[in-house]
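Enquirer: Provided herewith is a single structure, encoded as structure tokens, for subsequent inquiry.
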Amino acid sequence: MQLDARIPAGPLAEKWDNHRFELPLVAPPNRRKFEVIVVGTGLAGAGAAATLGELGYNVKVFTYNDSNRRAHSISAQGGINAAKDYRNEGDSIHRLFYDTIKGGDYRAREANVYRLAQVSNEIIDQATAQGVPFAREYGGMLANRSFGGTQVARTFYARGQTGQQLLLGAYQALARQIKLGTVTSYTRTEMLDVVIVDGRAVGIVVRDMVTGEVSSHSAHAVVLATGGYSNAYFLSTNAKACNVTAIWRAHRKGAMFANPCFTQIHPTCIPASDEFQSKLTLMSESLRNDGRIWVPANEGEARHPRDIPEDQRDYFLERRYPAFGNLVPRDVASRAAKREVDAGKGVGALHNGVYLDFADAFARLGKDVVTERYGNLFEMYERITGENPYEMPMRIYPAPHYTMG
Ligand SMILES: Cc1cc2nc3c(=O)[nH]c(=O)nc-3n(C[C@H](O)[C@H](O)[C@H](O)COP(=O)(O)OP(=O)(O)OC[C@H]3O[C@@H](n4cnc5c(N)ncnc54)[C@H](O)[C@@H]3O)c2cc1C
């Protein structure tokens with residue numbers, strides 16, 4: 001089996017621009033002659049369907065959710081990176097490219113990562129135009145914070161609900177096209193199979209999840225935007241409804257699937273509260289901007305965290321990675337936390353987590369500022385664990401999160 005990523009030729013920074021220029025264009029009056037099926041209405045699917053509809057293609061969009069705006073993208077929290085360099089920190093397309101390649105252990109496809117960095121700024125512009133209420137500075141500029149693996153603040157966010165706000169923006173754009181008649185929407189409709197003719201996907205078979213009726217739909221192009229597969233692992237941040245059915249069915253029909261192990265393990269999830277729990281709730285990456293991660297220096301420590309003196313704590317990320325501190329890339333933070341738990345320094349009743357502590361942030365910024373930044377996450381944490389993060393550190397543990405195979 002030969003895997004061909006079909007990366008265009010030419011210098012790195014020009015590959016995809018050249019490719020785009022070389023693609024044959026379809027003139028506006030001809031577009032309505034083409035049908036496109038999009039499966040999935042997350043940020044990928046809703047964005048693609050709305051854009052194709054706006055361009056004038058005939059689009060059918062399918063989701064098994066009861067509403068297009070219930071895709072799992074709604075759960076994304078911390079924000080989205082772009083190299084706008086509003087803060088004059090020396091950020092650039094090249095630096096975002098470099099950080100992403102480095103954060104991916106130099107194993108990602110360079111041309112595609114470069115493209116991601118190139119279009120990052122346009123994505124922020126598009127989302128803003130769709131009405132996404134990104135956080136703003138007092139003067140009106142879009143605000144930024146940091147994600148792991150970077151030394152600049154380039155994350156655009158809407159409190160701890162960025163995915164929800166982005167999806168509402170994409171949904172609005174999609175709803176507009178549905179109203180205009182360019183997109184037909186099929187909710188509560190599950191894709192059962194992909195129809196292949198001469199090696200090309202030309203349609204899908206679906207089941208109406210209310211009536212059970214099975215029907216088939218043909219198209220000139222089929223876009224599968226059906227989300228990730230991290231529920232294939234025992235622990236996962238994904239909701240149970242993310243059942244990986246569409247990718248699996250396409251794979252069974254011959255779609256190639258490489259490197260399933262390219263799965264990101266997110267360091268800041270709420271640890272399992274019993275040995276059977278597999279869905280872990282994510283606590284946003286953004287918390288590592290102000291929270292400090294530590295474990296007791298001694299194995300089997302039984303004291304309340306506030307009673308453990310500074311010199312008996314191990315801020316293991318700050319100690320091992322002083323340049324990035326608590327904002328090391330996610331896989332680095334995850335591996336380090338697991339190592340501490342495996343070494344018997346885990347905290348909580350099941351000794352299966354590490355502390356994420358905001359005491360310093362409260363002292364430095366005041367409770368109001370911290371609440372403004374992370375209040376909804378603190379509330380969610382307290383509802384799930386029964387512990388108040390204003391009074392004791394949060395507990396976190398890594399879990400498989402998003403997937404890149
Ligand atoms: C808790 C959490 C927090 C996150 N935080 C961030 C963040 O801060 N920043 C960031 O950049 N990323 C974040 N991510 C990752 C990001 O949210 C996802 O990578 C992205 O939203 C995936 O979008 P998607 O459109 O590909 O998939 P999804 O939003 O999962 O949408 C999949 C769609 O496919 C449909 N579908 C699937 N199978 C079928 C089928 N068989 N038939 C019909 N329809 C089907 C579903 O109904 C759904 O509409 C987070 C992820 C999680 C889980």
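FYI, nothing fancy with the structure tokens labels: chains A, B, ... in order, residues from 1 per chain, ligands from 1 as they appear.
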How would you write, as a PyMOL selection string, the set of residues no farther than 6 Å from ligand 1 when counting only C-alpha atoms and all ligand atoms?

Expert: chain A and resi 39-45+62-65+71-73+75-80+189-191+225-227+237-238+245-246+282+402

Enquirer: Any chance you could export the current selection's N, CA, C and O atoms as a compact mmCIF listing (two decimals), in the first residue's frame?

Expert:
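Written file, result.txt:
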# COMPACT_ATOMS: atom_id res chain seq x y z
N VAL A 39 -20.59 15.38 5.41
CA VAL A 39 -21.05 14.64 6.59
C VAL A 39 -20.38 15.26 7.80
O VAL A 39 -19.16 15.32 7.88
N GLY A 40 -21.20 15.73 8.75
CA GLY A 40 -20.66 16.37 9.95
C GLY A 40 -20.94 17.86 9.95
O GLY A 40 -20.83 18.52 8.90
N THR A 41 -21.34 18.37 11.10
CA THR A 41 -21.62 19.81 11.19
C THR A 41 -20.85 20.44 12.34
O THR A 41 -21.30 21.38 12.97
N GLY A 42 -19.66 19.89 12.64
CA GLY A 42 -18.77 20.54 13.59
C GLY A 42 -18.13 21.75 12.91
O GLY A 42 -18.58 22.19 11.84
N LEU A 43 -17.07 22.26 13.51
CA LEU A 43 -16.43 23.43 12.91
C LEU A 43 -15.96 23.12 11.49
O LEU A 43 -16.05 23.97 10.61
N ALA A 44 -15.50 21.89 11.26
CA ALA A 44 -15.03 21.53 9.92
C ALA A 44 -16.21 21.42 8.95
O ALA A 44 -16.23 22.08 7.90
N GLY A 45 -17.21 20.62 9.30
CA GLY A 45 -18.32 20.36 8.38
C GLY A 45 -19.21 21.57 8.18
O GLY A 45 -19.56 21.91 7.04
N PHE A 62 -25.12 16.41 6.55
CA PHE A 62 -25.70 15.36 7.39
C PHE A 62 -25.06 15.36 8.78
O PHE A 62 -23.84 15.54 8.91
N THR A 63 -25.87 15.11 9.80
CA THR A 63 -25.33 14.92 11.14
C THR A 63 -26.24 13.98 11.91
O THR A 63 -27.44 13.96 11.69
N TYR A 64 -25.63 13.20 12.82
CA TYR A 64 -26.52 12.36 13.64
C TYR A 64 -27.02 13.11 14.87
O TYR A 64 -27.84 12.60 15.60
N ASN A 65 -26.51 14.31 15.08
CA ASN A 65 -27.02 15.10 16.21
C ASN A 65 -28.42 15.63 15.88
O ASN A 65 -28.81 15.71 14.73
N ALA A 71 -22.70 19.60 17.44
CA ALA A 71 -21.48 18.83 17.18
C ALA A 71 -20.51 18.98 18.35
O ALA A 71 -20.60 19.94 19.13
N HIS A 72 -19.57 18.06 18.44
CA HIS A 72 -18.69 18.05 19.61
C HIS A 72 -17.76 19.26 19.67
O HIS A 72 -17.22 19.58 20.73
N SER A 73 -17.61 19.96 18.54
CA SER A 73 -16.79 21.19 18.55
C SER A 73 -17.26 22.14 19.64
O SER A 73 -16.50 22.98 20.11
N SER A 75 -17.61 21.73 22.55
CA SER A 75 -16.95 21.56 23.85
C SER A 75 -15.56 22.19 23.90
O SER A 75 -14.95 22.24 24.97
N ALA A 76 -15.04 22.66 22.76
CA ALA A 76 -13.69 23.25 22.79
C ALA A 76 -13.68 24.47 23.70
O ALA A 76 -14.64 25.23 23.73
N GLN A 77 -12.60 24.62 24.43
CA GLN A 77 -12.62 25.61 25.50
C GLN A 77 -11.62 26.75 25.30
O GLN A 77 -11.98 27.92 25.21
N GLY A 78 -10.34 26.38 25.25
CA GLY A 78 -9.28 27.36 25.51
C GLY A 78 -9.07 28.41 24.46
O GLY A 78 -8.76 29.57 24.76
N GLY A 79 -9.21 28.06 23.17
CA GLY A 79 -8.99 29.07 22.15
C GLY A 79 -8.32 28.51 20.92
O GLY A 79 -8.16 27.30 20.78
N ILE A 80 -7.91 29.40 20.04
CA ILE A 80 -7.43 29.00 18.72
C ILE A 80 -6.25 29.91 18.35
O ILE A 80 -6.29 31.12 18.56
N THR A 189 -29.46 12.02 11.25
CA THR A 189 -29.29 11.12 10.10
C THR A 189 -27.87 10.57 10.14
O THR A 189 -26.91 11.34 10.09
N GLU A 190 -27.77 9.27 10.26
CA GLU A 190 -26.46 8.65 10.44
C GLU A 190 -25.91 8.10 9.13
O GLU A 190 -26.64 7.41 8.40
N MET A 191 -24.66 8.42 8.84
CA MET A 191 -24.04 7.85 7.65
C MET A 191 -23.70 6.39 7.92
O MET A 191 -22.97 6.09 8.86
N ALA A 225 -16.41 15.07 7.45
CA ALA A 225 -15.88 15.97 8.49
C ALA A 225 -16.49 15.50 9.81
O ALA A 225 -17.24 16.21 10.46
N THR A 226 -16.15 14.25 10.17
CA THR A 226 -16.92 13.57 11.21
C THR A 226 -16.19 13.44 12.54
O THR A 226 -16.57 12.62 13.37
N GLY A 227 -15.17 14.25 12.74
CA GLY A 227 -14.57 14.32 14.07
C GLY A 227 -13.53 13.24 14.32
O GLY A 227 -13.18 12.46 13.44
N THR A 237 -11.23 12.59 26.37
CA THR A 237 -11.98 13.81 26.67
C THR A 237 -13.25 13.90 25.82
O THR A 237 -14.06 14.79 26.01
N ASN A 238 -13.38 12.98 24.84
CA ASN A 238 -14.51 13.09 23.92
C ASN A 238 -15.79 12.54 24.53
O ASN A 238 -15.76 11.58 25.30
N THR A 245 -17.90 6.12 14.00
CA THR A 245 -18.52 5.23 13.01
C THR A 245 -18.18 5.62 11.58
O THR A 245 -17.90 4.76 10.75
N ALA A 246 -18.21 6.92 11.29
CA ALA A 246 -18.05 7.33 9.89
C ALA A 246 -16.64 7.03 9.38
O ALA A 246 -16.47 6.47 8.29
N LEU A 282 -12.40 17.71 30.25
CA LEU A 282 -11.22 18.54 30.04
C LEU A 282 -11.33 19.82 30.86
O LEU A 282 -12.39 20.43 30.94
N TYR A 402 -7.29 14.92 21.13
CA TYR A 402 -7.63 14.97 19.71
C TYR A 402 -6.67 14.12 18.90
O TYR A 402 -5.57 13.80 19.34

Enquirer: List as number ranges by chain the protein and nucleic acid residues near segment 93-105 of chain A, meaning an atom at most 6 Å away when only C-alpha atoms are counted, but skip any in the same chain fewer than 4 places from it.

Expert: A: 83, 114, 117-118, 329

Enquirer: Taking only C-alpha atoms into account, produce a table as CSV in which each residue of segment 277-332 of chain A with an atom at most 12 Å from an atom of segment 362-382 of chain A appears once, together with its shortest atom pair and the distance in Å to one decimal, ordered by chain and rising number.

Expert:
residue,atom,partner,partner_atom,distance
A:Leu280,CA,A:Tyr381,CA,11.6
A:Thr281,CA,A:Tyr381,CA,8.8
A:Leu282,CA,A:Tyr381,CA,9.4
A:Met283,CA,A:Leu377,CA,6.8
A:Ser284,CA,A:Leu377,CA,7.5
A:Glu285,CA,A:Leu377,CA,10.8
A:Ser286,CA,A:Tyr374,CA,8.4
A:Leu287,CA,A:Tyr374,CA,7.3
A:Arg288,CA,A:Tyr374,CA,10.9
A:Asn289,CA,A:Arg373,CA,10.3
A:Asp290,CA,A:Val370,CA,8.4
A:Gly291,CA,A:Phe362,CA,9.8
A:Arg292,CA,A:Phe362,CA,11.7

Enquirer: Write the residues of the selection above to a file with N, CA, C and O atoms, as a PDB file, in the first residue's frame.

Expert:
ATOM      1  N   LEU A 280     -13.215  11.514  30.572  1.00  0.00           N
ATOM      2  CA  LEU A 280     -12.718  12.526  31.502  1.00  0.00           C
ATOM      3  C   LEU A 280     -13.106  13.909  30.982  1.00  0.00           C
ATOM      4  O   LEU A 280     -13.112  14.142  29.780  1.00  0.00           O
ATOM      5  N   THR A 281     -13.402  14.814  31.903  1.00  0.00           N
ATOM      6  CA  THR A 281     -13.759  16.167  31.494  1.00  0.00           C
ATOM      7  C   THR A 281     -12.497  17.004  31.379  1.00  0.00           C
ATOM      8  O   THR A 281     -11.654  17.002  32.280  1.00  0.00           O
ATOM      9  N   LEU A 282     -12.403  17.706  30.248  1.00  0.00           N
ATOM     10  CA  LEU A 282     -11.223  18.544  30.042  1.00  0.00           C
ATOM     11  C   LEU A 282     -11.325  19.824  30.857  1.00  0.00           C
ATOM     12  O   LEU A 282     -12.389  20.432  30.940  1.00  0.00           O
ATOM     13  N   MET A 283     -10.219  20.198  31.466  1.00  0.00           N
ATOM     14  CA  MET A 283     -10.085  21.542  32.034  1.00  0.00           C
ATOM     15  C   MET A 283      -9.166  22.287  31.079  1.00  0.00           C
ATOM     16  O   MET A 283      -8.066  21.835  30.798  1.00  0.00           O
ATOM     17  N   SER A 284      -9.593  23.422  30.600  1.00  0.00           N
ATOM     18  CA  SER A 284      -8.916  24.074  29.480  1.00  0.00           C
ATOM     19  C   SER A 284      -7.410  24.251  29.670  1.00  0.00           C
ATOM     20  O   SER A 284      -6.916  24.535  30.754  1.00  0.00           O
ATOM     21  N   GLU A 285      -6.730  24.107  28.542  1.00  0.00           N
ATOM     22  CA  GLU A 285      -5.297  24.399  28.438  1.00  0.00           C
ATOM     23  C   GLU A 285      -4.947  25.767  29.023  1.00  0.00           C
ATOM     24  O   GLU A 285      -3.898  25.960  29.628  1.00  0.00           O
ATOM     25  N   SER A 286      -5.869  26.711  28.834  1.00  0.00           N
ATOM     26  CA  SER A 286      -5.577  28.095  29.231  1.00  0.00           C
ATOM     27  C   SER A 286      -5.256  28.190  30.722  1.00  0.00           C
ATOM     28  O   SER A 286      -4.556  29.107  31.152  1.00  0.00           O
ATOM     29  N   LEU A 287      -5.733  27.225  31.519  1.00  0.00           N
ATOM     30  CA  LEU A 287      -5.487  27.290  32.963  1.00  0.00           C
ATOM     31  C   LEU A 287      -3.996  27.262  33.281  1.00  0.00           C
ATOM     32  O   LEU A 287      -3.564  27.742  34.323  1.00  0.00           O
ATOM     33  N   ARG A 288      -3.213  26.685  32.355  1.00  0.00           N
ATOM     34  CA  ARG A 288      -1.770  26.609  32.621  1.00  0.00           C
ATOM     35  C   ARG A 288      -1.082  27.964  32.454  1.00  0.00           C
ATOM     36  O   ARG A 288       0.097  28.101  32.737  1.00  0.00           O
ATOM     37  N   ASN A 289      -1.819  28.982  31.953  1.00  0.00           N
ATOM     38  CA  ASN A 289      -1.249  30.333  31.920  1.00  0.00           C
ATOM     39  C   ASN A 289      -0.988  30.845  33.327  1.00  0.00           C
ATOM     40  O   ASN A 289      -0.015  31.548  33.578  1.00  0.00           O
ATOM     41  N   ASP A 290      -1.910  30.540  34.242  1.00  0.00           N
ATOM     42  CA  ASP A 290      -1.815  31.106  35.587  1.00  0.00           C
ATOM     43  C   ASP A 290      -1.734  30.058  36.688  1.00  0.00           C
ATOM     44  O   ASP A 290      -1.398  30.387  37.825  1.00  0.00           O
ATOM     45  N   GLY A 291      -2.077  28.804  36.382  1.00  0.00           N
ATOM     46  CA  GLY A 291      -2.013  27.755  37.401  1.00  0.00           C
ATOM     47  C   GLY A 291      -0.623  27.126  37.417  1.00  0.00           C
ATOM     48  O   GLY A 291       0.037  27.032  36.389  1.00  0.00           O
ATOM     49  N   ARG A 292      -0.176  26.697  38.603  1.00  0.00           N
ATOM     50  CA  ARG A 292       1.141  26.047  38.718  1.00  0.00           C
ATOM     51  C   ARG A 292       0.927  24.568  39.048  1.00  0.00           C
ATOM     52  O   ARG A 292       0.132  24.224  39.922  1.00  0.00           O
TER      53      ARG A 292
END

Enquirer: Taking only segment 178-351 of chain A into account, list the residues labelled alpha helix (DSSP H) by DSSP (computed from the backbone), as a ChimeraX atom specification.

Expert: /A:178-180,245-252,316-320,330-340

Enquirer: Using only N, CA, C and O atoms, please write the residues we just selected to a file, as a short mmCIF file (atom, residue, chain, number, x, y, z; two decimals), in the first residue's frame.

Expert:
data_model
loop_
_atom_site.label_atom_id
_atom_site.label_comp_id
_atom_site.auth_asym_id
_atom_site.auth_seq_id
_atom_site.Cartn_x
_atom_site.Cartn_y
_atom_site.Cartn_z
N ILE A 178 -28.93 27.49 4.51
CA ILE A 178 -30.10 26.59 4.49
C ILE A 178 -31.33 27.40 4.10
O ILE A 178 -32.14 27.01 3.27
N LYS A 179 -31.44 28.59 4.69
CA LYS A 179 -32.58 29.47 4.38
C LYS A 179 -32.56 29.88 2.90
O LYS A 179 -33.59 29.93 2.24
N LEU A 180 -31.35 30.14 2.38
CA LEU A 180 -31.23 30.56 0.98
C LEU A 180 -31.44 29.40 0.01
O LEU A 180 -31.55 29.61 -1.20
N THR A 245 -17.90 6.12 14.00
CA THR A 245 -18.52 5.23 13.01
C THR A 245 -18.18 5.62 11.58
O THR A 245 -17.90 4.76 10.75
N ALA A 246 -18.21 6.92 11.29
CA ALA A 246 -18.05 7.33 9.89
C ALA A 246 -16.64 7.03 9.38
O ALA A 246 -16.47 6.47 8.29
N ILE A 247 -15.63 7.36 10.19
CA ILE A 247 -14.25 7.11 9.73
C ILE A 247 -14.05 5.61 9.55
O ILE A 247 -13.42 5.15 8.60
N TRP A 248 -14.59 4.84 10.50
CA TRP A 248 -14.40 3.39 10.43
C TRP A 248 -15.05 2.82 9.17
O TRP A 248 -14.47 1.99 8.47
N ARG A 249 -16.26 3.33 8.86
CA ARG A 249 -16.95 2.80 7.68
C ARG A 249 -16.22 3.19 6.40
O ARG A 249 -16.15 2.41 5.45
N ALA A 250 -15.66 4.39 6.38
CA ALA A 250 -14.89 4.81 5.20
C ALA A 250 -13.62 3.97 5.09
O ALA A 250 -13.22 3.55 4.00
N HIS A 251 -13.01 3.68 6.24
CA HIS A 251 -11.78 2.87 6.25
C HIS A 251 -12.08 1.47 5.71
O HIS A 251 -11.33 0.91 4.91
N ARG A 252 -13.23 0.92 6.15
CA ARG A 252 -13.62 -0.41 5.68
C ARG A 252 -13.82 -0.42 4.17
O ARG A 252 -13.65 -1.43 3.51
N PHE A 316 7.22 20.21 39.21
CA PHE A 316 8.11 19.42 38.35
C PHE A 316 8.27 19.99 36.93
O PHE A 316 9.31 19.81 36.32
N LEU A 317 7.27 20.69 36.40
CA LEU A 317 7.44 21.26 35.05
C LEU A 317 8.36 22.48 35.11
O LEU A 317 9.24 22.65 34.26
N GLU A 318 8.16 23.33 36.11
CA GLU A 318 9.02 24.51 36.24
C GLU A 318 10.47 24.08 36.50
O GLU A 318 11.42 24.71 36.03
N ARG A 319 10.62 22.97 37.26
CA ARG A 319 11.98 22.48 37.58
C ARG A 319 12.66 21.91 36.34
O ARG A 319 13.80 22.25 36.02
N ARG A 320 11.90 21.10 35.57
CA ARG A 320 12.54 20.41 34.44
C ARG A 320 12.65 21.28 33.20
O ARG A 320 13.56 21.11 32.39
N ARG A 330 1.73 19.95 25.27
CA ARG A 330 0.82 19.07 26.00
C ARG A 330 1.41 17.68 26.25
O ARG A 330 1.25 17.12 27.33
N ASP A 331 2.06 17.11 25.23
CA ASP A 331 2.56 15.74 25.42
C ASP A 331 3.66 15.72 26.47
O ASP A 331 3.78 14.76 27.24
N VAL A 332 4.46 16.79 26.53
CA VAL A 332 5.55 16.84 27.50
C VAL A 332 4.96 16.93 28.92
O VAL A 332 5.36 16.20 29.84
N ALA A 333 3.95 17.81 29.08
CA ALA A 333 3.31 17.95 30.40
C ALA A 333 2.62 16.65 30.80
O ALA A 333 2.68 16.22 31.96
N SER A 334 1.98 15.99 29.82
CA SER A 334 1.25 14.75 30.13
C SER A 334 2.21 13.65 30.59
O SER A 334 1.96 12.97 31.58
N ARG A 335 3.30 13.51 29.83
CA ARG A 335 4.26 12.46 30.16
C ARG A 335 4.84 12.70 31.56
O ARG A 335 4.96 11.78 32.37
N ALA A 336 5.16 13.97 31.84
CA ALA A 336 5.76 14.30 33.15
C ALA A 336 4.78 14.02 34.28
O ALA A 336 5.15 13.48 35.33
N ALA A 337 3.49 14.36 34.08
CA ALA A 337 2.50 14.13 35.13
C ALA A 337 2.32 12.64 35.38
O ALA A 337 2.25 12.18 36.52
N LYS A 338 2.26 11.87 34.30
CA LYS A 338 2.07 10.42 34.45
C LYS A 338 3.25 9.81 35.22
O LYS A 338 3.09 8.95 36.07
N ARG A 339 4.44 10.34 34.89
CA ARG A 339 5.64 9.83 35.56
C ARG A 339 5.53 10.06 37.08
O ARG A 339 5.86 9.18 37.87
N GLU A 340 5.04 11.24 37.48
CA GLU A 340 4.93 11.53 38.91
C GLU A 340 3.89 10.62 39.57
O GLU A 340 4.12 10.11 40.66
#
